[in-house]
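Undergrad: What follows is a single structure, and I will ask about it in a moment.
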Amino acid sequence: MASYDVIVIGAGPGGYVAAIRCAQLGLKTACVEGRDTLGGTCLNVGCIPSKALLHASHMLHEAEHNFAKMGLKGKSPSVDWPGMLAYKDDVIGQNTKGVEFLFKKNKIDWLKGWGSIPEAGKVKVGDEVHEAKNIIIASGSEAASLPGVEVDEKIVVTSTGALELPKVPKKLVVIGAGVIGLELGSVYARLGSEVTVIEYLDAVTPGMDAEVQKTVQRMLKKQGMSFIMGAAVQKTEATKTKAKVHYKLRKDDSEHVLDADVVLVATGRKPYTDGLGLEALGVEMSQRGQIKTDDHWQTNVKGIYAIGDAIDGPMLAHKAEDEGMAAAEVIAGKAGHVNYGVIPGVIYTHPEVATVGKTEDQLKEEGRAYKVGKFSFMGNGRAKAVFAGDGFVKLLADKDTDRILGCHIIGPGAGDLIHEVCVAMEFGASAEDLAMTCHAHPTYSEAVREAALACGDGAIHS
Ligand SMILES: Cc1cc2nc3c(=O)[nH]c(=O)nc-3n(C[C@H](O)[C@H](O)[C@H](O)COP(=O)(O)OP(=O)(O)OC[C@H]3O[C@@H](n4cnc5c(N)ncnc54)[C@H](O)[C@@H]3O)c2cc1C
C-alpha cells in the first residue's frame, strides 16, 4: 500500500492537469486511469482525433474548391481513408505519450486500472488499496443514449465509433445538431458522404447566439449538409450494413423514415461515475447524475473533490483543466479560481464558430441595456484573400459602462480570435479598450477591433 497527498481518479484533461498542478505544488500525487493510454476522452476519442479529421478533410475541401482560384492547377487529392485514420491515430499517440512524459517529469505515479473509493481517504485499484489525504474525481463523461436507438458502434455509432468507421459512408444521418454532430457531420460531408442532420429543436447549436446559429446552418447547408429541424427521432432499425431512422416532425406529428449507411447519435454526453462507489460513500449527486460540489470543488464528503465533465457546467476540456488546476490549488492551501463567466466555446467547422460571455437573448432576458458592435469579415482584407469573407464578429457591451459582456464570432480562426476578448473580459475591459489597442495588419483579429470600434464611433471598414 502506498500513501499519497492526492490521488486523482481519471487522466483526462481535468485529471491529468490536476495531477500535474498538485505535483508542482509539492504534493505527492498519483493518478488512476483505466484506459491503456492517458489523456481521457479528449485526447483519445474527443477533441484531438476529431480535430485531426477536421483538418485533413478541410485540406481536401480547400484543394477541391479553392486551389484553382489561386492559380494552383492539377488533380485534387483523393481520400485514402486508412491513411487518414493512421494520421489521426499518430496524432493521438503523440499527445497521449506527451502526457505520459509529463507524469514522469513531475514524478506522478500512474496507477493503472479502474479505481474505486472504498472509504474516504482510500482508493482501490485492482487488489491494491492506496491511502490518499485527498481524492480528486475526474472520471469524465460518456455518450448519452436515446430511447429506441440502440448503439452497436458499427452502423449506429456514437462519436467514438464515428472516429474509426471502416469506410466513408455513402449516407450518414446525424442525430443532434450540437457541436459534436456538426463537427463530425462536416468531416464526412467534405469526404463525400451525403449528410443529413436531424435536430429536435428549431435551431442548431442550442444556447448559442441566434444570429450565429442561423449563419452556421446556412454555411453548412452551402457545403452540402442537409438539416431536418424540429424532428423527434422515434427509433432506429439496423441491419448488418444499413439503418433506418424513424422520426416525427413536431409541427404536424407526421412520421417519416430516412435510410442511412451509418447513423451517428450525437445527442449529448452524461457524467460517468460507474464503479466509484459514490452511493455507498454518501456523495451527493444531482438529478442529472453529476457529482455535487461546493465552490471549492469539494463534495459533501471531506477530502473528496470532483471536477470536469463529472460535475455541473459546460462539458469542455478547458473547463475541466481550469477546475483541475483550481482544485489542486485549493488542496495546497491556495485560493483556486475559475471564472465561469469567461469560458469560451468553439465549434471547429469551417468557418469556425467561437463564443464567450452573454448572448443577446440572455441580456434581453436579464433586462440589461447593451449595445452591439458588429463587423463582417467581408471588410477584412486577410479574410478576403483566403475566401473567408462570409461571417462576422459581434461584440456586446454594456450600454452605459461600455464593459464587454460577450462576443460571438463566425469566421476564419474564430477559435483563436475569441481569446483576446476573453482576456479583455477577465480584466473587466471596455469595448473602447479593445478599440484603442493597435492590431497588426493584415490579420483576422482586426475584425475584432472593428467590432469594438462599432460599439463606439463606428468601424472603419464597413
Ligand atoms: C468527439 C468529441 C469531441 C470533443 N471536442 C472537444 C473540443 O474540441 N473542445 C473541448 O473543449 N471539448 C471537446 N470535447 C469534450 C471533452 O472531451 C471533455 O469535456 C473532456 O474530455 C472532459 O475532461 P474530463 O477530464 O472531465 O474527463 P474525460 O476526458 O472523459 O476523462 C476521464 C477519464 O477518467 C477515466 N476513468 C473514469 N472512471 C475511472 C475509474 N473509476 N478509474 C480509472 N479511470 C477512470 C476514463 O477512462 C477517462 O480516461 C469533445 C468530446 C467528444 C466526445
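All residue names refer to the C-alpha cells as shown: chains lettered A, B, ... in order, residues numbered from 1 in each chain, ligands numbered from 1 in order.
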Identify all residues of stretch 171-200 of chain A in strand (DSSP E) (DSSP on the backbone) and supply them as a ChimeraX atom specification.

TA: /A:171-175,194-198

Undergrad: Using the chain letters and numbers from this document, which residues of stretch 272-358 of chain A does DSSP assign to helix (DSSP H, G or I), as a list of chain:residue names?

TA: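 Output for stretch 272-358 of chain A, helix (DSSP H, G or I) only: A:Leu278, A:Glu279, A:Ala280, A:Leu281, A:Gly308, A:Asp309, A:Ala310, A:Ala317, A:His318, A:Lys319, A:Ala320, A:Glu321, A:Asp322, A:Glu323, A:Gly324, A:Met325, A:Ala326, A:Ala327, A:Ala328, A:Glu329, A:Val330, A:Ile331, A:Tyr340, A:Gly341, A:Val342.
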
Undergrad: Hey, which bits of stretch 179-218 of chain A sit within 9 Å of stretch 145-162 of chain A, and for each residue what's the closest pair of atoms and how far apart in Å (one decimal), counting only C-alpha atoms, rows by chain and increasing number, as JSON lines?

TA:
{"residue": "A:Ile180", "atom": "CA", "partner": "A:Ser159", "partner_atom": "CA", "distance": 7.4}
{"residue": "A:Gly181", "atom": "CA", "partner": "A:Ser159", "partner_atom": "CA", "distance": 8.1}
{"residue": "A:Leu184", "atom": "CA", "partner": "A:Ala162", "partner_atom": "CA", "distance": 7.5}

Undergrad: Give me the residues near A:Glu128 as a PDB file with N, CA, C and O atoms, in the first residue's frame, where near means some atom within 10 Å (using only C-alpha atoms) and where sequence neighbours in that chain fewer than 5 positions away do not count.

TA:
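Once everything was written out, this is out_26.pdb:
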ATOM      1  N   MET A   1       0.842  -1.209   0.000  1.00  0.00           N
ATOM      2  CA  MET A   1       0.000   0.000   0.000  1.00  0.00           C
ATOM      3  C   MET A   1       0.877   1.259   0.000  1.00  0.00           C
ATOM      4  O   MET A   1       1.807   1.358   0.791  1.00  0.00           O
ATOM      5  N   ALA A   2       0.565   2.173  -0.930  1.00  0.00           N
ATOM      6  CA  ALA A   2       1.328   3.431  -0.950  1.00  0.00           C
ATOM      7  C   ALA A   2       0.455   4.545  -0.365  1.00  0.00           C
ATOM      8  O   ALA A   2      -0.776   4.438  -0.341  1.00  0.00           O
ATOM      9  N   LEU A 111      -1.330   4.919 -11.605  1.00  0.00           N
ATOM     10  CA  LEU A 111      -1.857   3.657 -11.075  1.00  0.00           C
ATOM     11  C   LEU A 111      -2.768   3.094 -12.157  1.00  0.00           C
ATOM     12  O   LEU A 111      -3.863   3.624 -12.401  1.00  0.00           O
ATOM     13  N   GLY A 115     -10.314   2.597 -10.699  1.00  0.00           N
ATOM     14  CA  GLY A 115     -10.261   2.903  -9.275  1.00  0.00           C
ATOM     15  C   GLY A 115     -11.643   2.999  -8.652  1.00  0.00           C
ATOM     16  O   GLY A 115     -12.636   3.299  -9.317  1.00  0.00           O
ATOM     17  N   VAL A 123      -8.173   4.688  -1.913  1.00  0.00           N
ATOM     18  CA  VAL A 123      -8.534   4.403  -3.308  1.00  0.00           C
ATOM     19  C   VAL A 123      -8.070   2.992  -3.637  1.00  0.00           C
ATOM     20  O   VAL A 123      -6.916   2.633  -3.400  1.00  0.00           O
TER      21      VAL A 123
END

Undergrad: What's around A:Lys167 at 12 Å? Count only C-alpha atoms, leave out sequence neighbours fewer than 3 positions away in its own chain, and write the answer as a PDB file with C-alpha atoms, in the first residue's frame.

TA:
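What landed in selection.pdb:
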ATOM      1  CA  VAL A  79      -9.197  10.125 -49.983  1.00  0.00           C
ATOM      2  CA  ASP A  80      -7.065   7.287 -48.623  1.00  0.00           C
ATOM      3  CA  TRP A  81      -9.294   6.594 -45.611  1.00  0.00           C
ATOM      4  CA  PRO A  82      -6.997   4.088 -43.850  1.00  0.00           C
ATOM      5  CA  GLY A  83      -4.192   6.615 -44.360  1.00  0.00           C
ATOM      6  CA  MET A  84      -6.281   9.382 -42.822  1.00  0.00           C
ATOM      7  CA  LEU A  85      -7.166   7.191 -39.828  1.00  0.00           C
ATOM      8  CA  LYS A 154     -20.758  -0.212 -36.309  1.00  0.00           C
ATOM      9  CA  ILE A 155     -23.903   1.024 -38.052  1.00  0.00           C
ATOM     10  CA  GLY A 161     -17.392   4.837 -33.455  1.00  0.00           C
ATOM     11  CA  ALA A 162     -17.607   7.742 -35.897  1.00  0.00           C
ATOM     12  CA  LEU A 163     -13.877   8.369 -35.434  1.00  0.00           C
ATOM     13  CA  GLU A 164     -12.971   4.917 -36.714  1.00  0.00           C
ATOM     14  CA  LYS A 170     -22.399   6.998 -48.598  1.00  0.00           C
ATOM     15  CA  LYS A 171     -25.268   8.219 -46.447  1.00  0.00           C
ATOM     16  CA  LEU A 172     -24.685   9.460 -42.918  1.00  0.00           C
ATOM     17  CA  TYR A 188     -17.884  13.258 -43.604  1.00  0.00           C
ATOM     18  CA  LEU A 191     -15.130  13.462 -47.607  1.00  0.00           C
ATOM     19  CA  GLY A 192     -18.120  12.859 -49.892  1.00  0.00           C
ATOM     20  CA  SER A 193     -20.864  11.456 -47.653  1.00  0.00           C
ATOM     21  CA  THR A 241     -24.993  -2.926 -43.425  1.00  0.00           C
ATOM     22  CA  ASP A 261     -25.407   3.561 -44.110  1.00  0.00           C
ATOM     23  CA  VAL A 262     -24.302   4.911 -40.739  1.00  0.00           C
TER      24      VAL A 262
END

Undergrad: So which residues touch stretch 31-48 of chain A within 10 Å, counting only C-alpha atoms, skipping near sequence neighbours fewer than 5 positions away, as a PyMOL selection string?

TA: chain A and resi 6-20+53-54+88-89+91-100+103+108-116+123-125+135-142+159-164+180+316-317+348

Undergrad: Quick one: residues within 7 Å of stretch 381-398 of chain A, only C-alpha atoms counted, chain neighbours fewer than 5 positions away excluded, as a list of chain:residue names?

TA: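 In the requested format, the answer is A:Ala369, A:Tyr370, A:Lys371, A:Val372, A:Gly373, A:Lys374, A:Phe375, A:Ser376, A:Arg403, A:Ile404, A:Leu405, A:Gly406, A:Cys407, A:His408, A:Ile409, A:Ile410, A:Gly411, A:Pro412, A:Ala431, A:Pro442, A:Thr443, A:Tyr444, A:Ala447, A:Val448, A:Ala451, A:Ala452.
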
Undergrad: With N, CA and C atoms retained, could you export that selection as a PDB file, in the first residue's frame?

TA:
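Final output, selection-v4.pdb:
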ATOM      1  N   ALA A 369     -29.372  46.720 -20.404  1.00  0.00           N
ATOM      2  CA  ALA A 369     -29.186  47.600 -21.566  1.00  0.00           C
ATOM      3  C   ALA A 369     -27.803  47.342 -22.156  1.00  0.00           C
ATOM      4  N   TYR A 370     -27.761  47.025 -23.457  1.00  0.00           N
ATOM      5  CA  TYR A 370     -26.476  46.697 -24.082  1.00  0.00           C
ATOM      6  C   TYR A 370     -26.401  47.294 -25.475  1.00  0.00           C
ATOM      7  N   LYS A 371     -25.195  47.364 -25.998  1.00  0.00           N
ATOM      8  CA  LYS A 371     -25.029  47.800 -27.390  1.00  0.00           C
ATOM      9  C   LYS A 371     -24.278  46.718 -28.155  1.00  0.00           C
ATOM     10  N   VAL A 372     -24.464  46.745 -29.470  1.00  0.00           N
ATOM     11  CA  VAL A 372     -23.891  45.713 -30.327  1.00  0.00           C
ATOM     12  C   VAL A 372     -22.899  46.359 -31.290  1.00  0.00           C
ATOM     13  N   GLY A 373     -21.688  45.828 -31.339  1.00  0.00           N
ATOM     14  CA  GLY A 373     -20.740  46.251 -32.371  1.00  0.00           C
ATOM     15  C   GLY A 373     -20.504  45.061 -33.286  1.00  0.00           C
ATOM     16  N   LYS A 374     -20.890  45.223 -34.563  1.00  0.00           N
ATOM     17  CA  LYS A 374     -20.794  44.069 -35.457  1.00  0.00           C
ATOM     18  C   LYS A 374     -19.909  44.411 -36.646  1.00  0.00           C
ATOM     19  N   PHE A 375     -19.106  43.458 -37.052  1.00  0.00           N
ATOM     20  CA  PHE A 375     -18.243  43.693 -38.208  1.00  0.00           C
ATOM     21  C   PHE A 375     -18.180  42.438 -39.073  1.00  0.00           C
ATOM     22  N   SER A 376     -18.404  42.623 -40.374  1.00  0.00           N
ATOM     23  CA  SER A 376     -18.385  41.483 -41.285  1.00  0.00           C
ATOM     24  C   SER A 376     -16.955  41.207 -41.772  1.00  0.00           C
ATOM     25  N   ARG A 403     -18.544  48.198 -20.744  1.00  0.00           N
ATOM     26  CA  ARG A 403     -17.835  46.971 -20.366  1.00  0.00           C
ATOM     27  C   ARG A 403     -18.262  45.826 -21.294  1.00  0.00           C
ATOM     28  N   ILE A 404     -17.288  45.030 -21.736  1.00  0.00           N
ATOM     29  CA  ILE A 404     -17.602  43.934 -22.670  1.00  0.00           C
ATOM     30  C   ILE A 404     -18.370  42.833 -21.933  1.00  0.00           C
ATOM     31  N   LEU A 405     -19.483  42.404 -22.537  1.00  0.00           N
ATOM     32  CA  LEU A 405     -20.341  41.402 -21.896  1.00  0.00           C
ATOM     33  C   LEU A 405     -20.315  40.062 -22.625  1.00  0.00           C
ATOM     34  N   GLY A 406     -19.953  40.089 -23.898  1.00  0.00           N
ATOM     35  CA  GLY A 406     -19.938  38.839 -24.657  1.00  0.00           C
ATOM     36  C   GLY A 406     -19.411  39.078 -26.055  1.00  0.00           C
ATOM     37  N   CYS A 407     -19.041  37.976 -26.716  1.00  0.00           N
ATOM     38  CA  CYS A 407     -18.578  38.097 -28.100  1.00  0.00           C
ATOM     39  C   CYS A 407     -18.919  36.813 -28.846  1.00  0.00           C
ATOM     40  N   HIS A 408     -19.354  36.963 -30.083  1.00  0.00           N
ATOM     41  CA  HIS A 408     -19.789  35.818 -30.885  1.00  0.00           C
ATOM     42  C   HIS A 408     -19.188  35.981 -32.278  1.00  0.00           C
ATOM     43  N   ILE A 409     -18.397  35.002 -32.653  1.00  0.00           N
ATOM     44  CA  ILE A 409     -17.655  35.116 -33.919  1.00  0.00           C
ATOM     45  C   ILE A 409     -17.949  33.912 -34.785  1.00  0.00           C
ATOM     46  N   ILE A 410     -18.197  34.165 -36.055  1.00  0.00           N
ATOM     47  CA  ILE A 410     -18.203  33.067 -37.028  1.00  0.00           C
ATOM     48  C   ILE A 410     -17.312  33.540 -38.171  1.00  0.00           C
ATOM     49  N   GLY A 411     -16.248  32.800 -38.404  1.00  0.00           N
ATOM     50  CA  GLY A 411     -15.317  33.243 -39.434  1.00  0.00           C
ATOM     51  C   GLY A 411     -13.957  32.597 -39.249  1.00  0.00           C
ATOM     52  N   PRO A 412     -12.986  33.000 -40.069  1.00  0.00           N
ATOM     53  CA  PRO A 412     -11.675  32.341 -40.055  1.00  0.00           C
ATOM     54  C   PRO A 412     -10.968  32.518 -38.709  1.00  0.00           C
ATOM     55  N   ALA A 431     -15.249  48.058 -24.406  1.00  0.00           N
ATOM     56  CA  ALA A 431     -15.090  47.917 -25.859  1.00  0.00           C
ATOM     57  C   ALA A 431     -14.071  48.937 -26.349  1.00  0.00           C
ATOM     58  N   PRO A 442      -2.059  42.719 -42.098  1.00  0.00           N
ATOM     59  CA  PRO A 442      -3.453  42.281 -42.178  1.00  0.00           C
ATOM     60  C   PRO A 442      -3.664  41.006 -41.355  1.00  0.00           C
ATOM     61  N   THR A 443      -4.519  41.071 -40.378  1.00  0.00           N
ATOM     62  CA  THR A 443      -4.857  39.893 -39.564  1.00  0.00           C
ATOM     63  C   THR A 443      -6.371  39.803 -39.415  1.00  0.00           C
ATOM     64  N   TYR A 444      -6.823  38.576 -39.112  1.00  0.00           N
ATOM     65  CA  TYR A 444      -8.264  38.390 -38.846  1.00  0.00           C
ATOM     66  C   TYR A 444      -8.663  39.157 -37.593  1.00  0.00           C
ATOM     67  N   ALA A 447     -10.715  42.308 -37.316  1.00  0.00           N
ATOM     68  CA  ALA A 447     -12.190  42.277 -37.320  1.00  0.00           C
ATOM     69  C   ALA A 447     -12.736  42.414 -35.900  1.00  0.00           C
ATOM     70  N   VAL A 448     -11.993  41.892 -34.918  1.00  0.00           N
ATOM     71  CA  VAL A 448     -12.429  42.035 -33.518  1.00  0.00           C
ATOM     72  C   VAL A 448     -12.331  43.511 -33.112  1.00  0.00           C
ATOM     73  N   ALA A 451     -15.139  45.444 -34.609  1.00  0.00           N
ATOM     74  CA  ALA A 451     -16.409  45.248 -33.883  1.00  0.00           C
ATOM     75  C   ALA A 451     -16.410  46.117 -32.624  1.00  0.00           C
ATOM     76  N   ALA A 452     -15.227  46.235 -31.990  1.00  0.00           N
ATOM     77  CA  ALA A 452     -15.129  47.087 -30.800  1.00  0.00           C
ATOM     78  C   ALA A 452     -15.316  48.559 -31.192  1.00  0.00           C
TER      79      ALA A 452
END
